[in-house]
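Student: Supplied structure: data-v7.cif, mmCIF, C-alpha atoms and all ligand atoms.
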data_upload
#
loop_
_atom_site.group_PDB
_atom_site.id
_atom_site.type_symbol
_atom_site.label_atom_id
_atom_site.label_comp_id
_atom_site.auth_asym_id
_atom_site.auth_seq_id
_atom_site.Cartn_x
_atom_site.Cartn_y
_atom_site.Cartn_z
ATOM 1 C CA MET O 102 103.795 95.898 95.028
ATOM 2 C CA ILE O 103 100.058 95.726 94.633
ATOM 3 C CA THR O 104 97.560 98.599 94.292
ATOM 4 C CA GLY O 105 93.904 98.565 95.282
ATOM 5 C CA GLN O 106 91.504 101.316 94.323
ATOM 6 C CA GLY O 107 87.922 101.941 95.250
ATOM 7 C CA ILE O 108 85.307 104.326 96.521
ATOM 8 C CA LEU O 109 84.808 104.791 100.265
ATOM 9 C CA LYS O 110 81.792 106.563 101.632
ATOM 10 C CA ILE O 111 83.025 108.740 104.486
ATOM 11 C CA GLY O 112 80.368 110.707 106.328
ATOM 12 C CA GLY O 113 78.020 109.918 103.442
ATOM 13 C CA VAL O 114 80.437 111.353 100.872
ATOM 14 C CA PRO O 115 81.988 109.050 98.249
ATOM 15 C CA MET O 116 85.765 109.386 98.044
ATOM 16 C CA LYS O 117 88.120 107.782 95.548
ATOM 17 C CA VAL O 118 90.898 106.040 97.437
ATOM 18 C CA SER O 119 93.949 104.084 96.433
ATOM 19 C CA PHE O 120 96.410 102.094 98.524
ATOM 20 C CA THR O 121 99.667 100.542 97.333
ATOM 21 C CA SER O 122 101.512 98.004 99.450
ATOM 22 C CA PRO O 123 103.941 95.101 99.152
ATOM 23 C CA GLU O 124 102.181 91.862 98.245
ATOM 24 C CA GLY O 125 104.011 89.941 100.967
ATOM 25 C CA PRO O 126 104.523 90.474 104.711
ATOM 26 C CA CYS O 127 105.327 94.061 105.678
ATOM 27 C CA GLY O 128 105.145 96.500 108.552
ATOM 28 C CA ALA O 129 102.389 99.098 108.798
ATOM 29 C CA GLU O 130 104.882 101.812 107.684
ATOM 30 C CA ALA O 131 104.494 100.491 104.136
ATOM 31 C CA LEU O 132 100.995 101.978 104.111
ATOM 32 C CA LEU O 133 101.841 105.295 105.749
ATOM 33 C CA PRO O 134 102.322 107.471 102.610
ATOM 34 C CA ASP O 135 98.909 106.437 101.289
ATOM 35 C CA VAL O 136 97.298 106.784 104.708
ATOM 36 C CA GLN O 137 98.710 110.328 104.944
ATOM 37 C CA ARG O 138 97.218 111.102 101.542
ATOM 38 C CA PHE O 139 93.900 109.615 102.662
ATOM 39 C CA GLY O 140 93.991 111.738 105.846
ATOM 40 C CA ASP O 141 94.582 114.834 103.704
ATOM 41 C CA GLN O 142 91.599 113.892 101.522
ATOM 42 C CA ILE O 143 89.353 113.722 104.589
ATOM 43 C CA THR O 144 90.634 117.045 105.918
ATOM 44 C CA ASN O 145 90.380 118.778 102.541
ATOM 45 C CA HIS O 146 86.788 117.651 102.271
ATOM 46 C CA ALA O 147 86.066 118.990 105.777
ATOM 47 C CA VAL O 148 87.649 122.323 104.816
ATOM 48 C CA ARG O 149 85.502 122.581 101.673
ATOM 49 C CA GLN O 150 82.445 121.981 103.833
ATOM 50 C CA VAL O 151 83.215 124.753 106.337
ATOM 51 C CA GLU O 152 84.169 127.108 103.524
ATOM 52 C CA GLY O 153 80.816 126.342 101.951
ATOM 53 C CA GLN O 154 79.306 127.682 105.168
ATOM 54 C CA GLY O 155 81.216 130.931 104.747
ATOM 55 C CA LEU O 156 83.891 130.112 107.339
ATOM 56 C CA LYS O 157 87.624 130.431 106.799
ATOM 57 C CA VAL O 158 90.384 128.228 108.198
ATOM 58 C CA SER O 159 92.640 130.441 110.304
ATOM 59 C CA CYS O 160 95.618 128.036 110.503
ATOM 60 C CA ALA O 161 98.560 129.367 108.494
ATOM 61 C CA LYS O 162 102.340 129.120 108.291
ATOM 62 C CA GLY O 163 103.814 130.988 111.244
ATOM 63 C CA CYS O 164 101.095 130.044 113.696
ATOM 64 C CA GLY O 165 102.212 127.179 115.926
ATOM 65 C CA ALA O 166 99.691 127.811 118.674
ATOM 66 C CA CYS O 167 98.388 124.235 118.567
ATOM 67 C CA CYS O 168 101.912 122.774 118.454
ATOM 68 C CA ARG O 169 102.168 122.999 122.230
ATOM 69 C CA GLN O 170 99.298 120.606 122.665
ATOM 70 C CA MET O 171 99.890 116.934 123.292
ATOM 71 C CA VAL O 172 100.236 115.177 119.918
ATOM 72 C CA PRO O 173 99.256 111.500 120.077
ATOM 73 C CA ILE O 174 100.961 109.205 117.568
ATOM 74 C CA SER O 175 101.008 105.455 116.990
ATOM 75 C CA PRO O 176 104.183 103.298 117.191
ATOM 76 C CA THR O 177 104.273 103.213 113.386
ATOM 77 C CA GLU O 178 104.410 106.998 113.222
ATOM 78 C CA ALA O 179 107.000 107.086 116.027
ATOM 79 C CA ARG O 180 109.372 104.944 113.952
ATOM 80 C CA HIS O 181 108.677 107.085 110.910
ATOM 81 C CA LEU O 182 109.561 110.293 112.804
ATOM 82 C CA ALA O 183 112.695 108.692 114.255
ATOM 83 C CA ARG O 184 113.784 107.750 110.736
ATOM 84 C CA LEU O 185 113.222 111.336 109.577
ATOM 85 C CA VAL O 186 115.529 112.578 112.334
ATOM 86 C CA GLU O 187 118.139 109.954 111.385
ATOM 87 C CA GLN O 188 118.074 111.279 107.815
ATOM 88 C CA MET O 189 118.745 114.875 108.912
ATOM 89 C CA SER O 190 122.244 116.356 108.811
ATOM 90 C CA THR O 191 124.281 115.590 111.927
ATOM 91 C CA SER O 192 123.968 119.112 113.332
ATOM 92 C CA ARG O 193 120.250 119.423 112.647
ATOM 93 C CA ALA O 194 119.531 115.964 114.062
ATOM 94 C CA ALA O 195 121.465 116.907 117.207
ATOM 95 C CA GLU O 196 119.361 120.065 117.598
ATOM 96 C CA VAL O 197 116.102 118.185 117.164
ATOM 97 C CA ARG O 198 117.192 115.394 119.512
ATOM 98 C CA ALA O 199 118.086 118.002 122.130
ATOM 99 C CA ARG O 200 114.578 119.463 121.835
ATOM 100 C CA PHE O 201 113.083 115.993 122.325
ATOM 101 C CA GLU O 202 115.236 115.516 125.420
ATOM 102 C CA GLY O 203 114.270 118.956 126.719
ATOM 103 C CA ALA O 204 110.573 118.246 126.253
ATOM 104 C CA ARG O 205 110.857 114.881 128.000
ATOM 105 C CA ALA O 206 112.768 116.471 130.870
ATOM 106 C CA ARG O 207 110.068 119.134 131.263
ATOM 107 C CA MET O 208 107.414 116.435 131.485
ATOM 108 C CA ALA O 209 109.458 114.463 133.997
ATOM 109 C CA GLY O 210 109.941 117.656 136.031
ATOM 110 C CA ALA O 211 106.173 118.086 136.137
ATOM 111 C CA SER O 212 105.763 114.411 137.173
ATOM 112 C CA LEU O 213 104.019 113.664 133.900
ATOM 113 C CA SER O 214 104.835 110.413 132.190
ATOM 114 C CA ALA O 215 106.494 111.048 128.809
ATOM 115 C CA SER O 216 104.795 107.923 127.504
ATOM 116 C CA GLY O 217 101.292 109.258 128.030
ATOM 117 C CA HIS O 218 98.240 107.520 129.317
ATOM 118 C CA PRO O 219 97.029 104.104 128.161
ATOM 119 C CA ASP O 220 93.405 105.025 127.530
ATOM 120 C CA THR O 221 92.126 107.307 124.783
ATOM 121 C CA GLU O 222 88.480 107.067 125.725
ATOM 122 C CA LYS O 223 88.296 108.231 129.289
ATOM 123 C CA ALA O 224 88.617 111.410 131.262
ATOM 124 C CA ALA O 225 92.189 110.514 132.216
ATOM 125 C CA TYR O 226 93.297 110.982 128.607
ATOM 126 C CA ARG O 227 91.784 114.442 128.579
ATOM 127 C CA GLU O 228 93.323 115.258 131.950
ATOM 128 C CA TYR O 229 96.716 114.154 130.698
ATOM 129 C CA GLY O 230 96.310 116.315 127.581
ATOM 130 C CA LEU O 231 95.408 119.349 129.687
ATOM 131 C CA ALA O 232 98.273 118.797 132.123
ATOM 132 C CA TYR O 233 100.633 118.487 129.158
ATOM 133 C CA PHE O 234 99.334 121.695 127.593
ATOM 134 C CA ARG O 235 99.839 123.552 130.882
ATOM 135 C CA GLN O 236 103.588 122.891 130.569
ATOM 136 C CA GLY O 237 103.698 124.915 127.333
ATOM 137 C CA VAL O 238 106.231 122.557 125.766
ATOM 138 C CA ALA O 239 106.671 123.182 122.057
ATOM 139 C CA CYS O 240 106.786 120.243 119.675
ATOM 140 C CA PRO O 241 110.448 119.444 118.912
ATOM 141 C CA PHE O 242 109.702 119.946 115.212
ATOM 142 C CA LEU O 243 108.344 123.471 115.677
ATOM 143 C CA GLU O 244 110.741 126.076 114.267
ATOM 144 C CA ALA O 245 109.928 129.787 113.974
ATOM 145 C CA GLU O 246 106.343 128.858 114.873
ATOM 146 C CA SER O 247 106.083 126.642 111.777
ATOM 147 C CA CYS O 248 106.193 122.904 111.317
ATOM 148 C CA SER O 249 109.649 121.926 110.063
ATOM 149 C CA ILE O 250 108.429 118.527 108.847
ATOM 150 C CA HIS O 251 105.183 119.703 107.238
ATOM 151 C CA LYS O 252 105.161 117.087 104.448
ATOM 152 C CA ASP O 253 105.771 114.319 106.991
ATOM 153 C CA ARG O 254 103.794 115.652 109.936
ATOM 154 C CA PRO O 255 101.775 113.134 111.954
ATOM 155 C CA LEU O 256 98.262 112.160 110.935
ATOM 156 C CA VAL O 257 96.687 113.866 113.943
ATOM 157 C CA CYS O 258 98.356 117.180 112.976
ATOM 158 C CA ARG O 259 96.759 116.875 109.542
ATOM 159 C CA GLU O 260 93.347 116.500 111.176
ATOM 160 C CA TYR O 261 93.539 119.605 113.347
ATOM 161 C CA LEU O 262 92.373 122.843 111.748
ATOM 162 C CA VAL O 263 90.312 125.647 113.222
ATOM 163 C CA THR O 264 88.185 128.512 112.003
ATOM 164 C CA SER O 265 88.536 130.469 115.263
ATOM 165 C CA PRO O 266 91.175 133.155 115.946
ATOM 166 C CA PRO O 267 94.649 131.655 116.548
ATOM 167 C CA GLU O 268 94.791 133.052 120.108
ATOM 168 C CA GLY O 269 92.064 130.574 121.109
ATOM 169 C CA CYS O 270 94.406 127.639 120.502
ATOM 170 C CA SER O 271 97.091 128.983 122.812
ATOM 171 C CA VAL O 272 94.935 129.486 125.899
ATOM 172 C CA LEU O 273 93.973 126.500 127.976
ATOM 173 C CA GLY O 274 90.203 125.991 128.086
ATOM 174 C CA SER O 275 89.595 129.261 126.224
ATOM 175 C CA GLY O 276 86.299 127.895 124.938
ATOM 176 C CA GLN O 277 87.020 129.844 121.753
ATOM 177 C CA VAL O 278 88.296 127.021 119.588
ATOM 178 C CA ARG O 279 86.104 126.147 116.589
ATOM 179 C CA GLN O 280 87.664 123.014 115.187
ATOM 180 C CA VAL O 281 86.948 121.956 111.606
ATOM 181 C CA PRO O 282 84.916 118.753 112.069
ATOM 182 C CA VAL O 283 86.519 115.831 110.229
ATOM 183 C CA ALA O 284 84.397 112.792 109.405
ATOM 184 C CA LEU O 285 86.986 110.259 110.536
ATOM 185 C CA ARG O 286 89.976 110.094 112.843
ATOM 186 C CA VAL O 287 92.402 108.513 110.390
ATOM 187 C CA TRP O 288 95.271 108.412 112.913
ATOM 188 C CA ALA O 289 93.162 106.303 115.288
ATOM 189 C CA ALA O 290 91.903 103.960 112.546
ATOM 190 C CA PHE O 291 95.436 103.434 111.271
ATOM 191 C CA GLY O 292 96.805 102.950 114.799
ATOM 192 C CA ARG O 293 94.219 100.297 115.602
ATOM 193 C CA SER O 294 94.694 98.526 112.286
ATOM 194 C CA ALA O 295 98.403 98.044 113.066
ATOM 195 C CA SER O 296 97.733 96.396 116.419
ATOM 196 C CA PRO O 297 97.031 92.613 116.572
ATOM 197 C CA SER O 298 94.571 93.245 119.413
ATOM 198 C CA ARG O 299 92.958 96.181 117.553
ATOM 199 C CA THR O 300 93.631 98.425 120.527
ATOM 200 C CA LEU O 301 94.950 101.892 119.962
ATOM 201 C CA GLU O 302 98.574 101.937 121.055
ATOM 202 C CA TRP O 303 99.766 105.523 121.240
ATOM 203 C CA MET O 304 102.268 107.860 122.838
ATOM 204 C CA PRO O 305 102.888 111.605 122.928
ATOM 205 C CA LEU O 306 105.090 112.672 120.017
ATOM 206 C CA ILE O 307 107.883 113.664 122.417
ATOM 207 C CA ASN O 308 108.365 109.966 123.195
ATOM 208 C CA ALA O 309 108.863 108.963 119.536
ATOM 209 C CA LEU O 310 112.669 108.800 119.456
ATOM 210 C CA ASP O 311 112.936 106.953 122.721
ATOM 211 C CA TYR O 312 110.256 104.461 121.677
ATOM 212 C CA ALA O 313 111.842 103.826 118.266
ATOM 213 C CA LYS O 314 115.206 103.242 119.921
ATOM 214 C CA ARG O 315 113.728 100.636 122.226
ATOM 215 C CA TYR O 316 111.480 99.034 119.583
ATOM 216 C CA PRO O 317 113.161 99.669 116.244
ATOM 217 C CA LYS O 318 111.425 96.869 114.367
ATOM 218 C CA SER O 319 107.745 96.809 113.539
ATOM 219 C CA ARG O 320 105.728 93.608 113.292
ATOM 220 C CA GLU O 321 105.822 92.189 109.789
ATOM 221 C CA ASP O 322 103.133 89.652 110.529
ATOM 222 C CA LEU O 323 100.635 90.668 107.840
ATOM 223 C CA SER O 324 100.784 90.953 104.084
ATOM 224 C CA GLY O 325 100.163 94.363 102.504
ATOM 225 C CA PRO O 326 96.629 93.462 101.309
ATOM 226 C CA LYS O 327 95.780 92.151 104.811
ATOM 227 C CA ARG O 328 96.960 95.454 106.297
ATOM 228 C CA ILE O 329 94.733 97.384 103.915
ATOM 229 C CA GLU O 330 91.849 95.078 104.851
ATOM 230 C CA ALA O 331 92.523 95.720 108.564
ATOM 231 C CA LEU O 332 92.534 99.474 107.976
ATOM 232 C CA LEU O 333 89.262 99.349 106.053
ATOM 233 C CA ARG O 334 87.734 97.296 108.881
ATOM 234 C CA GLU O 335 88.724 99.963 111.410
ATOM 235 C CA ILE O 336 87.360 102.723 109.184
ATOM 236 C CA GLN O 337 84.047 100.874 108.999
ATOM 237 C CA THR O 338 83.790 100.291 112.731
ATOM 238 C CA LEU O 339 85.067 103.618 114.108
ATOM 239 C CA PRO O 340 82.242 105.903 115.164
ATOM 240 C CA PRO O 341 82.188 109.224 113.305
ATOM 241 C CA SER O 342 84.580 111.544 115.117
ATOM 242 C CA LYS O 343 83.225 114.047 117.554
ATOM 243 C CA VAL O 344 85.148 117.297 117.556
HETATM 244 S S1 LIG P 1 104.660 117.807 113.976
HETATM 245 FE FE1 LIG P 1 104.529 119.846 113.088
HETATM 246 S S2 LIG P 1 102.319 120.312 113.012
HETATM 247 FE FE2 LIG P 1 102.583 118.585 114.416
HETATM 248 S S3 LIG P 1 102.749 119.517 116.443
HETATM 249 FE FE3 LIG P 1 104.842 119.255 115.645
HETATM 250 S S4 LIG P 1 105.358 121.203 114.673
HETATM 251 FE FE4 LIG P 1 103.134 121.145 114.944
#
In structure tokens, how does this file's structure come out?
Tutor:
Amino acid sequence: MITGQGILKIGGVPMKVSFTSPEGPCGAEALLPDVQRFGDQITNHAVRQVEGQGLKVSCAKGCGACCRQMVPISPTEARHLARLVEQMSTSRAAEVRARFEGARARMAGASLSASGHPDTEKAAYREYGLAYFRQGVACPFLEAESCSIHKDRPLVCREYLVTSPPEGCSVLGSGQVRQVPVALRVWAAFGRSASPSRTLEWMPLINALDYAKRYPKSREDLSGPKRIEALLREIQTLPPSKV
């Protein structure tokens, strides 16, 4: 294993970062724990900023209002989530798998593709997200309105916090959502860095188990340091996020 440390300026703010990876060829999953930590750093900084303006984050345990929105994840995160389910007890894994199946069936019933839309930039992505939200399908990991995999939740879930009343997040187009602005979409930078073409491959979270079953192996075509380099390149080139 090899560790690299340094200072990254994100949104003009210097942040101490550290990434550890295998020295030889590895899949992007090898970086995920550090990328999750990095995502938390970015979000924590954003929270300090809004709190400095006298605002308070309203997200709390027991509020899963946003967990019925479409959650985009990269193939790397899909395999990670599938592995988490595999590690659960047989009965719990069966429950979670049934929720995944139920969610996919609901989408199929509404003629919505469970594998999402191939473009993150255009109106179609937004339309897909809205159509998904209209179905009111809870994330398969949502239990008693709380995230049952909080420590391992996807990067995009770590980036979504609001200072508006929770009700705003549960009503489509309420216009009442005040999202905490993060300086960087870490999930998108990480997703692009794992793709040889640097395109953002993604899917809705409800497709994770199916995807991982069909594509269980990730590409091990880059060494750990090269993966870190690719991630840093994406961080440099991504425009600051607009939320
Ligand atoms: S993974 Fe957790 S935080 Fe993310 S949508 Fe699902 S329940 Fe909510």
Student: When the PyMOL selection byres (((chain O and resi 255) around 9) and not hetatm) is applied to the structure above, which residues does it catch, written out as a PyMOL selection string?
Tutor: chain O and resi 137+172-174+178-179+182+251+253-254+256-259+288+306
Student: So how far away is CA of Pro115 in chain O from CA of Ile103 in chain O, in Å?
Tutor: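 Between these atoms lies a distance of 22.7 Å.
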Student: Tell me, counting only C-alpha atoms and all ligand atoms, for each residue of chain O within 12 Å of ligand LIG 1 (chain P), which pair of atoms is nearest and how far apart they are in Å to one decimal, in rows ordered by chain and increasing number, as CSV.
Tutor:
residue,atom,partner,partner_atom,distance
O:Cys160,CA,P:LIG1,S2,10.5
O:Ala161,CA,P:LIG1,S2,10.8
O:Lys162,CA,P:LIG1,S2,10.0
O:Gly163,CA,P:LIG1,S4,10.5
O:Cys164,CA,P:LIG1,FE4,9.2
O:Gly165,CA,P:LIG1,FE4,6.2
O:Ala166,CA,P:LIG1,FE4,8.4
O:Cys167,CA,P:LIG1,FE4,6.7
O:Cys168,CA,P:LIG1,S3,3.9
O:Arg169,CA,P:LIG1,S3,6.8
O:Gln170,CA,P:LIG1,S3,7.2
O:Met171,CA,P:LIG1,S3,7.9
O:Val172,CA,P:LIG1,S3,6.1
O:Pro173,CA,P:LIG1,S3,9.5
O:Ile174,CA,P:LIG1,FE2,10.0
O:Glu178,CA,P:LIG1,S1,10.8
O:Ala179,CA,P:LIG1,S1,11.2
O:His181,CA,P:LIG1,S1,11.9
O:Leu182,CA,P:LIG1,S1,9.0
O:Leu185,CA,P:LIG1,S1,11.6
O:Val197,CA,P:LIG1,FE3,11.4
O:Arg200,CA,P:LIG1,FE3,11.5
O:Phe201,CA,P:LIG1,FE3,11.1
O:Phe234,CA,P:LIG1,S3,11.9
O:Val238,CA,P:LIG1,S3,10.4
O:Ala239,CA,P:LIG1,FE3,7.7
O:Cys240,CA,P:LIG1,FE3,4.6
O:Pro241,CA,P:LIG1,FE3,6.5
O:Phe242,CA,P:LIG1,S4,4.6
O:Leu243,CA,P:LIG1,S4,3.9
O:Glu244,CA,P:LIG1,S4,7.3
O:Ala245,CA,P:LIG1,S4,9.7
O:Glu246,CA,P:LIG1,S4,7.7
O:Ser247,CA,P:LIG1,S4,6.2
O:Cys248,CA,P:LIG1,S4,3.9
O:Ser249,CA,P:LIG1,FE1,6.3
O:Ile250,CA,P:LIG1,FE1,5.9
O:His251,CA,P:LIG1,FE1,5.9
O:Lys252,CA,P:LIG1,FE1,9.1
O:Asp253,CA,P:LIG1,S1,7.9
O:Arg254,CA,P:LIG1,S1,4.7
O:Pro255,CA,P:LIG1,S1,5.9
O:Leu256,CA,P:LIG1,FE2,8.5
O:Val257,CA,P:LIG1,FE2,7.6
O:Cys258,CA,P:LIG1,FE2,4.7
O:Arg259,CA,P:LIG1,S2,7.4
O:Glu260,CA,P:LIG1,S2,9.9
O:Tyr261,CA,P:LIG1,S2,8.8
O:Leu262,CA,P:LIG1,S2,10.3
O:Pro305,CA,P:LIG1,S3,10.2
O:Leu306,CA,P:LIG1,FE3,7.9
O:Ile307,CA,P:LIG1,FE3,9.3
O:Ala309,CA,P:LIG1,S1,11.3
Student: Please save C-alpha atoms of the selected residues as a PDB file, in the coordinates of the input.
Tutor:
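Once written, result25.pdb looks like this:
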ATOM      1  CA  CYS O 160      95.618 128.036 110.503  1.00  0.00           C
ATOM      2  CA  ALA O 161      98.560 129.367 108.494  1.00  0.00           C
ATOM      3  CA  LYS O 162     102.340 129.120 108.291  1.00  0.00           C
ATOM      4  CA  GLY O 163     103.814 130.988 111.244  1.00  0.00           C
ATOM      5  CA  CYS O 164     101.095 130.044 113.696  1.00  0.00           C
ATOM      6  CA  GLY O 165     102.212 127.179 115.926  1.00  0.00           C
ATOM      7  CA  ALA O 166      99.691 127.811 118.674  1.00  0.00           C
ATOM      8  CA  CYS O 167      98.388 124.235 118.567  1.00  0.00           C
ATOM      9  CA  CYS O 168     101.912 122.774 118.454  1.00  0.00           C
ATOM     10  CA  ARG O 169     102.168 122.999 122.230  1.00  0.00           C
ATOM     11  CA  GLN O 170      99.298 120.606 122.665  1.00  0.00           C
ATOM     12  CA  MET O 171      99.890 116.934 123.292  1.00  0.00           C
ATOM     13  CA  VAL O 172     100.236 115.177 119.918  1.00  0.00           C
ATOM     14  CA  PRO O 173      99.256 111.500 120.077  1.00  0.00           C
ATOM     15  CA  ILE O 174     100.961 109.205 117.568  1.00  0.00           C
ATOM     16  CA  GLU O 178     104.410 106.998 113.222  1.00  0.00           C
ATOM     17  CA  ALA O 179     107.000 107.086 116.027  1.00  0.00           C
ATOM     18  CA  HIS O 181     108.677 107.085 110.910  1.00  0.00           C
ATOM     19  CA  LEU O 182     109.561 110.293 112.804  1.00  0.00           C
ATOM     20  CA  LEU O 185     113.222 111.336 109.577  1.00  0.00           C
ATOM     21  CA  VAL O 197     116.102 118.185 117.164  1.00  0.00           C
ATOM     22  CA  ARG O 200     114.578 119.463 121.835  1.00  0.00           C
ATOM     23  CA  PHE O 201     113.083 115.993 122.325  1.00  0.00           C
ATOM     24  CA  PHE O 234      99.334 121.695 127.593  1.00  0.00           C
ATOM     25  CA  VAL O 238     106.231 122.557 125.766  1.00  0.00           C
ATOM     26  CA  ALA O 239     106.671 123.182 122.057  1.00  0.00           C
ATOM     27  CA  CYS O 240     106.786 120.243 119.675  1.00  0.00           C
ATOM     28  CA  PRO O 241     110.448 119.444 118.912  1.00  0.00           C
ATOM     29  CA  PHE O 242     109.702 119.946 115.212  1.00  0.00           C
ATOM     30  CA  LEU O 243     108.344 123.471 115.677  1.00  0.00           C
ATOM     31  CA  GLU O 244     110.741 126.076 114.267  1.00  0.00           C
ATOM     32  CA  ALA O 245     109.928 129.787 113.974  1.00  0.00           C
ATOM     33  CA  GLU O 246     106.343 128.858 114.873  1.00  0.00           C
ATOM     34  CA  SER O 247     106.083 126.642 111.777  1.00  0.00           C
ATOM     35  CA  CYS O 248     106.193 122.904 111.317  1.00  0.00           C
ATOM     36  CA  SER O 249     109.649 121.926 110.063  1.00  0.00           C
ATOM     37  CA  ILE O 250     108.429 118.527 108.847  1.00  0.00           C
ATOM     38  CA  HIS O 251     105.183 119.703 107.238  1.00  0.00           C
ATOM     39  CA  LYS O 252     105.161 117.087 104.448  1.00  0.00           C
ATOM     40  CA  ASP O 253     105.771 114.319 106.991  1.00  0.00           C
ATOM     41  CA  ARG O 254     103.794 115.652 109.936  1.00  0.00           C
ATOM     42  CA  PRO O 255     101.775 113.134 111.954  1.00  0.00           C
ATOM     43  CA  LEU O 256      98.262 112.160 110.935  1.00  0.00           C
ATOM     44  CA  VAL O 257      96.687 113.866 113.943  1.00  0.00           C
ATOM     45  CA  CYS O 258      98.356 117.180 112.976  1.00  0.00           C
ATOM     46  CA  ARG O 259      96.759 116.875 109.542  1.00  0.00           C
ATOM     47  CA  GLU O 260      93.347 116.500 111.176  1.00  0.00           C
ATOM     48  CA  TYR O 261      93.539 119.605 113.347  1.00  0.00           C
ATOM     49  CA  LEU O 262      92.373 122.843 111.748  1.00  0.00           C
ATOM     50  CA  PRO O 305     102.888 111.605 122.928  1.00  0.00           C
ATOM     51  CA  LEU O 306     105.090 112.672 120.017  1.00  0.00           C
ATOM     52  CA  ILE O 307     107.883 113.664 122.417  1.00  0.00           C
ATOM     53  CA  ALA O 309     108.863 108.963 119.536  1.00  0.00           C
TER      54      ALA O 309
END
Student: Might you spell out which residues the PyMOL selection byres (((chain O and resi 129) around 10) and not hetatm) would select in the displayed file, as an MDAnalysis selection string?
Tutor: chainID O and resid 122 126:128 130:133 176:178 291:292 294:296 319:325 328:329 332
Student: Would you work out the distance separating CA of Glu302 in chain O from CA of Ala284 in chain O, expressed in Å to one decimal?
Tutor: 21.3 Å
Student: Pick out the residues sitting within 9 Å of Pro317 in chain O, and hand them over as a JSON list (two decimals) with C-alpha atoms, keeping the file's coordinate frame; count only C-alpha atoms, and ignore anything fewer than 4 positions along from it in its own chain.
Tutor:
[["chain", "number", "residue", "atom", "x", "y", "z"],
["O", 180, "ARG", "CA", 109.37, 104.94, 113.95],
["O", 312, "TYR", "CA", 110.26, 104.46, 121.68],
["O", 313, "ALA", "CA", 111.84, 103.83, 118.27]]
Student: By how many Å are CA of Glu335 in chain O and CA of Ala215 in chain O apart?
Tutor: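 Answer for the CA of Glu335 in chain O to CA of Ala215 in chain O separation: 27.2 Å.
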Student: Which is closer to Lys327 in chain O than all the others in O:Asp141, O:Glu124, O:Glu202, O:Glu268, using only C-alpha atoms?
Tutor: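 Checking each candidate against Lys327 in chain O, we get O:Glu124 as the closest.
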Student: Measuring atom to atom with all atoms listed in the file, identify which of O:Gln280, O:Ser214, O:Ser190, O:Gln337 is nearest to Ser159 in chain O.
Tutor: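 Under the stated criterion, the closest residue is O:Gln280.
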Student: Using all atoms listed in the file, can you tell me which of O:Gln236, O:Thr338, O:Ser216, O:Ser298 comes closest to Asp311 in chain O?
Tutor: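 With all atoms listed in the file as the atom set, the closest residue is O:Ser216.
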Student: If the PyMOL selection byres (((chain O and resi 263) around 6) and not hetatm) is run on the structure shown, which residues does it catch, given as number ranges by chain?
Tutor: O: 158, 262, 264-265, 279-281
Student: Between O:Val287, O:Phe120, O:Pro282, O:Arg235, which one has atoms that come closest to Ile108 in chain O, using all atoms listed in the file?
Tutor: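 Once distances to Ile108 in chain O are computed over all atoms listed in the file, the minimum belongs to O:Phe120.
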Student: Calculated over all atoms listed in the file, which of the candidates O:Ala209, O:Met102, O:Val136, O:Ala183 has the smallest distance to Val118 in chain O?
Tutor: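 Distance minimum relative to Val118 in chain O lands on O:Val136.
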Student: Tell me which of O:Ser275, O:Asn145, O:Asn308, O:Thr300 sits closest to Gly217 in chain O, counting all atoms listed in the file.
Tutor: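 Among the listed residues, the smallest separation from Gly217 in chain O belongs to O:Asn308.
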Student: Could you pull range 253-272 of chain O out of the block above and save it with C-alpha atoms, as a JSON list (two decimals), in the first residue's frame?
Tutor:
[["chain", "number", "residue", "atom", "x", "y", "z"],
["O", 253, "ASP", "CA", -21.46, 3.15, 3.99],
["O", 254, "ARG", "CA", -24.05, 5.35, 2.31],
["O", 255, "PRO", "CA", -23.32, 6.50, -1.24],
["O", 256, "LEU", "CA", -21.27, 9.60, -1.93],
["O", 257, "VAL", "CA", -24.24, 11.52, -3.31],
["O", 258, "CYS", "CA", -26.18, 10.92, -0.06],
["O", 259, "ARG", "CA", -23.28, 12.45, 1.85],
["O", 260, "GLU", "CA", -23.50, 15.56, -0.33],
["O", 261, "TYR", "CA", -27.20, 16.22, 0.20],
["O", 262, "LEU", "CA", -28.11, 18.32, 3.23],
["O", 263, "VAL", "CA", -30.68, 21.07, 3.56],
["O", 264, "THR", "CA", -31.41, 23.97, 5.86],
["O", 265, "SER", "CA", -35.10, 24.12, 4.88],
["O", 266, "PRO", "CA", -37.94, 22.36, 6.75],
["O", 267, "PRO", "CA", -37.98, 18.58, 6.09],
["O", 268, "GLU", "CA", -41.45, 18.76, 4.49],
["O", 269, "GLY", "CA", -39.91, 20.62, 1.53],
["O", 270, "CYS", "CA", -37.90, 17.54, 0.55],
["O", 271, "SER", "CA", -40.95, 15.30, 0.37],
["O", 272, "VAL", "CA", -43.04, 17.42, -1.99]]
